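Engineer: Below you will find the structure I want to go over with you.
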Amino acid sequence: MIIILTIGLMVTFGVIYKLLGSDIFAPACVITLSYILATLCACVNIEYWQIDISPRTVFFIGSGIFMSVAGNIIVYIIFQKKYFSIIRKSDRLIVLPYFNIPLTNVIFIAVYDCLAIFLYYLEVRKIGGKGSFTTMMYSFRQNIMYSGYSVSVFTNQLIRLVTASAIVCIYFFIYNVIIGQTKIKTNLYLLIPVILDFIKCFLTSGRYEFLELFLEGVMLYALFYFMKNKKVLNINIKFIWYGIIGVIGLLVFFYCIREAVGRSSNQTIIDYVSSYFGGSIELFDLYVKEYKGATSVHFGTVTFTSIYKYLNKFIGTSIDLNTINEFRRSSNGILIGNVYTTFRYYLQDFGYIGLVLLSFLSSIVYSVLYYKALIKKSHIRKIIYSYLFYTIVLHSYSEQFFSVYLSIDIWMIMFLVGLVYFYFNKVKIRIKINKRI
């Protein structure tokens, strides 16, 4: 049955790719590709996990993707007039003014980043204990997740600006190279905050942030390609080749840094990667086989976890939020994990009707944000959408739309992104040196 699901997803992708103007970055196309990758990874483990996908699982996944496609098509039709008016313009963008960011501005923000990272490292060392870096990170992650430890609120606030500066600087770098048509080497200094953010990512014991920056760069390239050429990126041999190299490189990177960010595994790279990205499909199927209707005690407990976390923290409620993170084993006893795709959240909270409606609603929002980022000139709009692009890519992994978009943390970062953007564009720090004869 999983083979049928995979083939069905591939056929669906081919159809919606054409319906949405051969735009592979349209939200519905990205969501479908996300599930294609997940099912392909699950197929690798058919024998190992003894996978036997139920027809009901196929129905639920198919329904969710169908509603995502429907939402995208509706928004595409609404934006079609403006979209094609831009494409039909005969003039082509030659060169636009680039972002002339003083090196001193970058140095000042880099100094701040280094200080924030150092303070965060002290907290990690305190929680993770002594020993090698990998030992420290493993202990840090275990203590954070299972023993009630946490990094101080003050340090967590400081570290957010490191992320915000990286988000903005990678935008400036790609914009200057593609739109401003300036040389890469003259813009390399803009990557200093990005490199520092990568260092911070190792210390936070999370790999999402690596993926976020990588996908931000990919999405920005697509947006700027449209801006420069008045057309979207089409699938061709060159694109497929680069895409395969990029995906393989990213998966290998995920595998290679597992110990550095506090994970331990003796699996081969194929087993590890296929389990990581394909486990959600099998886990969702295991859940569906036991599914008897919505079970959440409170309204939207798992879908709106971000909201309930703040209610627990600031109002003092005691709502149980550990209702979806249970680890499961395959039918033959092999531990798979605890991620169940986006659709598990909707089913558990609101049943099938909720799956259909929330898939449609999230697709509408994703699509509106995408087409506005594509056709509008606003830099901030492009920055925010490209940064949040990872939430669409990870649709087959776990729910991201409501947990991220309704999170105060992410919008605090977006606020800082606005401040950093203002700082680089309106505040020009220049150091004058008085020469003596």
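Labels used: A, B, ... for chains in the order of the structure tokens, numbers from 1 for residues in each chain, and numbers from 1 for ligands as shown.
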Would you pick out the contacts of Lys292 in chain A at 10 Å or less, using only C-alpha atoms, so that residues sharing its chain but fewer than 2 positions from it are not included, and give the list as a VMD selection string?

Structural biologist: chain A and resid 287 to 290 294 to 295 347 to 348 351

Engineer: Env of Tyr371 in chain A: 10 Å cut, atoms = only C-alpha atoms, seq-sep filter 5 positions within chain, self excluded. Answer as JSON, numbers by chain.

Structural biologist: {"A": [26, 27, 72, 75, 76, 78, 79, 80, 82, 83, 223, 366, 376]}

Engineer: Pick out each residue of range 154-350 of chain A that DSSP on the backbone tags as helix (DSSP H, G or I); I need them as a count of residues only.

Structural biologist: 129

Engineer: Applying 10 Å and only C-alpha atoms, which residues near Asn425 in chain A remain after dropping the ones on its own chain fewer than 6 positions away? List them as an MDAnalysis selection string.

Structural biologist: chainID A and resid 99:102 105 419

Engineer: Print the selection's residues with C-alpha atoms to a file, as a PDB file, in the first residue's frame.

Structural biologist:
```pdb
ATOM      1  CA  PHE A  99      22.642  46.870  -0.317  1.00  0.00           C
ATOM      2  CA  ASN A 100      25.752  48.864   0.551  1.00  0.00           C
ATOM      3  CA  ILE A 101      26.280  47.646   4.109  1.00  0.00           C
ATOM      4  CA  PRO A 102      29.408  49.072   5.827  1.00  0.00           C
ATOM      5  CA  ASN A 105      28.101  47.561  10.880  1.00  0.00           C
ATOM      6  CA  LEU A 419      15.294  45.934  13.937  1.00  0.00           C
TER       7      LEU A 419
END
```

Engineer: Would you pick out the contacts of Leu250 in chain A at 9 Å or less, using only C-alpha atoms, so that residues sharing its chain but fewer than 4 positions from it are not included, and give the list as a list of chain:residue names?

Structural biologist: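 Neighbouring residues, sequence-local ones excluded: A:Leu211, A:Phe214, A:Ile245, A:Gly246, A:Phe254, A:Tyr255.
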
Engineer: Write the selection just made, keeping C-alpha atoms, as a PDB file, in the first residue's frame?

Structural biologist:
```
ATOM      1  CA  LEU A 211      17.705  23.526   7.867  1.00  0.00           C
ATOM      2  CA  PHE A 214      19.607  26.459   4.115  1.00  0.00           C
ATOM      3  CA  ILE A 245      22.959  17.166  -4.997  1.00  0.00           C
ATOM      4  CA  GLY A 246      21.448  19.638  -2.531  1.00  0.00           C
ATOM      5  CA  PHE A 254      22.350  15.863   9.109  1.00  0.00           C
ATOM      6  CA  TYR A 255      23.987  12.510   9.619  1.00  0.00           C
TER       7      TYR A 255
END
```

Engineer: Here is a test: counting only C-alpha atoms, which residue of A:Leu355, A:Ile319, A:Ala38, A:Ile46 is nearest to Phe66 in chain A?

Structural biologist: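 For Phe66 in chain A, the nearest of the candidates is A:Leu355.
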